[in-house]
Every structure is written in C-alpha cells, then in structure tokens.
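Data first, discussion second: the structure below is written as structure tokens.
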4 protein chains.
Amino acid sequence: MDTKVIAEVSVLPLGTGGTSMSSYVTACVKVLEKYSDIRFQVTPMGTVLEGNLDRVLAAVEAMHEVPFGMGVKRVVTDLKIDDRRDRVITMESKVEAVARKRK
Amino acid sequence: MDTKVIAEVSVLPLGTGGTSMSSYVTACVKVLEKYSDIRFQVTPMGTVLEGNLDRVLAAVEAMHEVPFGMGVKRVVTDLKIDDRRDRVITMESKVEAVARKRK
Amino acid sequence: MDTKVIAEVSVLPLGTGGTSMSSYVTACVKVLEKYSDIRFQVTPMGTVLEGNLDRVLAAVEAMHEVPFGMGVKRVVTDLKIDDRRDRVITMESKVEAVARKRK
Amino acid sequence: MDTKVIAEVSVLPLGTGGTSMSSYVTACVKVLEKYSDIRFQVTPMGTVLEGNLDRVLAAVEAMHEVPFGMGVKRVVTDLKIDDRRDRVITMESKVEAVARKRK
C-alpha cells in the first residue's frame with residue numbers, strides 16, 4: 001500500500017523586529033514548489049503537506065532553513081505528522097469524513 | 001481594537017481500539033455550533049478557530065471533554081494560539097496575505 | 001477520582017527584535033507562582049504544568065498575556081494537554097514509568 | 001559555529017486499545033541509544049533532543065517508526081525544533097537562563 005502521511009508544519013522566525021510573518025511564510029511555501037511529489041495546502045495556522053514521510057521531512061527541513069537565508073537568527077518549527085497505514089488517507093478524505101458525518 | 005485570536009486545536013482520543021478518528025472529530029466540531037461567536041474551519045490536521053481568547057479557550061475545553069463522554073479514558077489535546085494585537089487578523093486574511101505574495 | 005492533567009505550554013513572543021527569549025519565559029513562569037494549586041517544571045522546550053484542567057487553562061491564559069504587558073504585539077502560544085481519567089498521573093509518574101521500563 | 005538544535009518529540013500511537021503509553025515511549029526512547037551524537041532527556045510530555053538538525057530528524061523518523069513495529073496502525077508524531085544560530089544553546093543552558101533570572 002502506498003502510505004502517504006499528512007503533516008502540518010509551521011515555521012516561526014523569532015526576533016524579526018516586526019509582527020508580520022507572511023513574507024517568511026510565503027518564502028517557505030515557495031520552497032515546496034520544488035517538491036513535485038508533495039501536495040500542500042496553506043491554512044490559517046500552517047501548511048498541510050501530503051506525501052511520503054521521507055520527502056515530507058526533507059521538505060520541512062528545507063522550509064525550516066528559509067528564514068535563516070533571509071537574515072533570521074532563530075527559528076522555531078512545529079511539525080505534526082499523521083501516519084495511518086491501514087488505509088490510504090488524503091488531505092481531502094480527512095476533511096470529507098468529518099463533513100459527511102456532520103450532516 | 002477588537003482583538004480576536006486565530007487558534008488551531010486537535011483533540012486526540014487514545015486507546016480507542018480503532019484507527020478511525022472521524023467520529024470523535026465530528027462530535028468535537030459539533031460542540032462548536034453552540035459557540036455562535038466563534039468562526040471555525042475544519043482542516044486536514046485540526047480545527048481552526050477565530051474568536052475572543054476567552055471564548056476560544058472555553059470552546060477548546062468543551063471539545064476536549066467530548067471523547068470522555070463517548071467512553072474514552074485518555075485524551076491528548078493540542079492547541080496553538082496566534083494572537084496579534086497591532087491589527088485585526090482573520091482566518092481568511094492570513095491565508096490571503098500568503099496567496100497574494102506568492103503571485 | 002482527582003483527575004489532574006499534565007500539560008506543556010510554550011509562549012513565543014514574535015517580532016521582539018532579539019533572539020533571546022529567557023526574559024519572557026521567566027516572566028511567564030513567575031505568573032505561575034500565583035497558582036499555588038499548580039505544580040510546574042521548566043524544561044528546555046516549555047513549561048510542564050500539573051493541575052486541574054480549569055486551573056491549568058487559567059494559568060496558560062495568564063502566561064500568554066505576559067509578553068503583551070512587556071510591549072510585544074504578537075504572541076504564539078502552544079499548549080498540549082494530557083488528560084488521563086482511568087488513573088492518577090503526575091509529572092513524575094510519567095517519567096518514572098519510562099525510566100523503569102528502560103532498565 | 002557548531003549549531004545544534006534543541007527539539008522535543010512526542011510519538012502517539014492511536015487505536016491501541018489501552019490507555020498506557022509507557023511501553024511505546026520506552027521503545028521509542030531506546031532507539032535513541034543508537035544515536036550517540038544526540039543527547040536526550042525524557043520529560044513528562046515528550047523527549048527533548050539535542051544534536052545536529054539532520055541527525056535529530058533521522059532520530060525522530062526512527063522513533064516515529066517504532067510503534068508500527070509493535071503492531072500499531074496509526075501514529076501521530078509531534079515535533080518542535082528550536083534552532084538558534086547566533087550562539088550555542090544546550091538543553092541545560094536554556095533551563096539555566098530561566099532559573100538564573102527567576103532568582
């Protein structure tokens with residue numbers, strides 16, 4: 001079975017001197033365009049990724065590096081991985097399962 | 001200024017004997033219907049909430065309680081709160097700020 | 001049964017213009033001295049709390065407020081709650097259970 | 001400069017049919033004994049790691065895999081990485097900085 005994980009990552013630059021984070025988030029998300037085997041979705045609190053675990057971790061490492069390239073000296077990255085191996089889950093199937101049951 | 005927070009919550013029941021979580025998630029989300037002053041959005045990895053901090057915390061406490069009412073004996077709840085007080089942010093404005101800059 | 005939760009909180013001030021966080025962490029931890037019914041422990045990545053859920057949430061809300069009082073305009077707070085109701089757990093019992101099995 | 005990260009990981013097996021997690025946590029922690037370049041510390045809410053980012057991510061991936069080898073079908077892993085590159089931080093220095101200021 002092709003077991004993809006669903007993950008959510010949030011990369012927070014510290015000590016930036018400003019409260020806006022969207023330039024950093026945008027640059028982190030742009031890195032994902034190089035990972036054609038990873039599907040992603042920007043949410044209000046992070047970026048959701050879907051792909052093989054190895055690739056997701058590589059993408060997260062690349063995203064985590066981005067603010068340092070923009071002059072930031074400290075970054076706190078949060079990652080949550082949901083890995084289900086008894087059936088295939090996707091970003092959409094997880095949301096739809098709840099939507100269906102809410103009716 | 002009306003300072004609403006954006007938050008993301010994930011309520012995980014442990015020891016349920018099954019891998020599907022959508023019934024628990026659905027029941028947790030249903031609790032939010034009683035909180036008419038909280039806007040929310042179900043994502044693949046959690047539920048995003050927008051509202052006053054006090055009310056968001058009350059809603060999270062109510063969501064956290066749900067699986068116990070369904071027979072679960074251990075629950076791990078994750079909460080992340082983004083509280084910006086120099087300008088109003090919404091669930092939509094955060095995502096749009098990134099979408100705009102990605103173009 | 002007296003069901004206390006174990007929780008971990010991390011309060012991150014954004015846009016502070018400096019990389020050191022320890023003054024903010026210290027001020028957040030000091031707030032806990034007013035919560036005599038909450039036991040706590042500072043770890044390298046957060047503060048672990050033990051107490052009744054209501055009180056833990058009140059303490060977290062107070063901690064979250066601290067950096068705003070120090071001039072910060074945006075705060076991201078992370079909270080994880082472990083709530084087990086079939087037996088009493090403490091900060092120590094959780095660590096000891098692992099230490100015992102590692103031998 | 002030798003830039004080590006401090007991270008905290010929590011590996012949660014879902015659907016195990018029991019509320020005790022310490023056997024899984026213990027097995028995950030045992031994996032770390034193979035990573036001699038990673039220092040670690042078990043806390044009430046997770047395992048704190050200190051080491052190079054690449055190695056920490058490899059260790060987290062190995063820990064995440066452990067419950068699957070014990071028959072679990074779904075695992076949710078949480079990781080938080082604190083990466084400061086303007087000075088060396090250690091697990092101890094972070095806690096001591098707060099302890100010193102609390103006096």
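Just so we're on the same page: first chain in the structure tokens is A, next is B, and so on; residues restart at 1 for each chain, and ligands are numbered from 1 in the order they show up.
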**Expected answer as a VMD selection string: alpha helix (DSSP H) residues in chain B** = chain B and resid 22 to 31 53 to 69 91 to 102
Could you write those residues out with N, CA and C atoms, as a compact mmCIF listing (two decimals), in the first residue's frame?
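The file below, again-v1.txt, is the result:
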```
# COMPACT_ATOMS: atom_id res chain seq x y z
N SER B 22 -12.63 9.99 12.88
CA SER B 22 -13.57 10.99 12.35
C SER B 22 -14.85 11.11 13.18
N SER B 23 -15.29 10.05 13.83
CA SER B 23 -16.48 10.18 14.69
C SER B 23 -16.19 11.10 15.87
N TYR B 24 -15.00 10.97 16.43
CA TYR B 24 -14.62 11.83 17.55
C TYR B 24 -14.46 13.28 17.09
N VAL B 25 -13.78 13.44 15.96
CA VAL B 25 -13.58 14.80 15.43
C VAL B 25 -14.94 15.45 15.15
N THR B 26 -15.82 14.69 14.54
CA THR B 26 -17.15 15.23 14.21
C THR B 26 -17.89 15.68 15.46
N ALA B 27 -17.85 14.85 16.48
CA ALA B 27 -18.54 15.21 17.74
C ALA B 27 -17.91 16.46 18.35
N CYS B 28 -16.60 16.57 18.28
CA CYS B 28 -15.92 17.77 18.80
C CYS B 28 -16.33 19.01 18.02
N VAL B 29 -16.40 18.88 16.72
CA VAL B 29 -16.76 20.03 15.88
C VAL B 29 -18.21 20.44 16.14
N LYS B 30 -19.06 19.44 16.37
CA LYS B 30 -20.47 19.77 16.64
C LYS B 30 -20.64 20.66 17.86
N VAL B 31 -19.79 20.48 18.84
CA VAL B 31 -19.83 21.32 20.03
C VAL B 31 -19.69 22.80 19.67
N LEU B 53 -10.21 35.36 22.88
CA LEU B 53 -9.38 34.35 23.53
C LEU B 53 -10.16 33.57 24.59
N ASP B 54 -10.89 34.27 25.44
CA ASP B 54 -11.67 33.61 26.49
C ASP B 54 -12.62 32.56 25.92
N ARG B 55 -13.30 32.97 24.88
CA ARG B 55 -14.30 32.08 24.27
C ARG B 55 -13.63 30.91 23.55
N VAL B 56 -12.51 31.17 22.91
CA VAL B 56 -11.79 30.09 22.23
C VAL B 56 -11.35 29.06 23.26
N LEU B 57 -10.84 29.52 24.40
CA LEU B 57 -10.41 28.58 25.44
C LEU B 57 -11.59 27.79 25.99
N ALA B 58 -12.73 28.45 26.16
CA ALA B 58 -13.92 27.73 26.64
C ALA B 58 -14.34 26.67 25.61
N ALA B 59 -14.28 27.02 24.34
CA ALA B 59 -14.66 26.07 23.30
C ALA B 59 -13.69 24.88 23.25
N VAL B 60 -12.41 25.17 23.41
CA VAL B 60 -11.42 24.10 23.40
C VAL B 60 -11.64 23.17 24.59
N GLU B 61 -11.96 23.73 25.74
CA GLU B 61 -12.22 22.90 26.90
C GLU B 61 -13.44 21.99 26.65
N ALA B 62 -14.45 22.55 26.01
CA ALA B 62 -15.65 21.75 25.68
C ALA B 62 -15.33 20.65 24.67
N MET B 63 -14.52 20.98 23.68
CA MET B 63 -14.14 19.98 22.67
C MET B 63 -13.31 18.86 23.31
N HIS B 64 -12.41 19.25 24.17
CA HIS B 64 -11.54 18.28 24.87
C HIS B 64 -12.37 17.29 25.68
N GLU B 65 -13.50 17.75 26.19
CA GLU B 65 -14.36 16.90 27.03
C GLU B 65 -15.13 15.85 26.22
N VAL B 66 -15.36 16.12 24.97
CA VAL B 66 -16.24 15.28 24.15
C VAL B 66 -15.88 13.79 24.15
N PRO B 67 -14.63 13.42 23.85
CA PRO B 67 -14.34 11.98 23.78
C PRO B 67 -14.58 11.25 25.11
N PHE B 68 -14.40 11.94 26.24
CA PHE B 68 -14.68 11.29 27.54
C PHE B 68 -16.15 10.90 27.61
N GLY B 69 -17.02 11.75 27.08
CA GLY B 69 -18.44 11.44 27.05
C GLY B 69 -18.78 10.27 26.14
N MET B 91 -9.06 34.36 9.81
CA MET B 91 -8.61 33.12 9.18
C MET B 91 -8.31 33.38 7.70
N GLU B 92 -9.17 34.17 7.07
CA GLU B 92 -9.01 34.42 5.63
C GLU B 92 -7.83 35.36 5.34
N SER B 93 -7.68 36.40 6.16
CA SER B 93 -6.64 37.37 5.86
C SER B 93 -5.24 36.75 5.95
N LYS B 94 -5.09 35.80 6.86
CA LYS B 94 -3.79 35.16 6.99
C LYS B 94 -3.43 34.36 5.74
N VAL B 95 -4.42 33.62 5.23
CA VAL B 95 -4.16 32.80 4.03
C VAL B 95 -4.00 33.70 2.81
N GLU B 96 -4.81 34.76 2.73
CA GLU B 96 -4.75 35.65 1.56
C GLU B 96 -3.43 36.42 1.49
N ALA B 97 -2.90 36.77 2.65
CA ALA B 97 -1.62 37.51 2.66
C ALA B 97 -0.53 36.68 1.99
N VAL B 98 -0.58 35.38 2.22
CA VAL B 98 0.41 34.48 1.59
C VAL B 98 0.10 34.28 0.12
N ALA B 99 -1.18 34.09 -0.19
CA ALA B 99 -1.59 33.87 -1.60
C ALA B 99 -1.19 35.04 -2.47
N ARG B 100 -1.39 36.25 -1.94
CA ARG B 100 -1.07 37.46 -2.69
C ARG B 100 0.42 37.56 -2.98
N LYS B 101 1.22 37.23 -1.97
CA LYS B 101 2.67 37.35 -2.14
C LYS B 101 3.26 36.22 -3.00
N ARG B 102 2.54 35.14 -3.11
CA ARG B 102 3.06 34.02 -3.92
C ARG B 102 2.96 34.31 -5.41
```
**Request:** Using backbone DSSP assignments, extract all strand (DSSP E) residues from chain A; output them as a VMD selection string.
**Result:** chain A and resid 5 to 14 39 to 43 46 to 51 74 to 84
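Put simply, CA of Val11 (chain D) is 6.9 Å away from CA of Val75 (chain D).
Our summary of the geometry notes that CA of Asp37 (chain A) is positioned 15.6 Å from CA of Ile89 (chain A).
Here CA of Ile81 (chain C) stands at a distance of 22.8 Å from CA of Arg39 (chain B).
Any residue of chain B with an atom within 6 Å of chain D counts; using only C-alpha atoms, that gives B:Leu14, B:Gly15, B:Thr16, B:Gly17, B:Gly18, B:Thr19.
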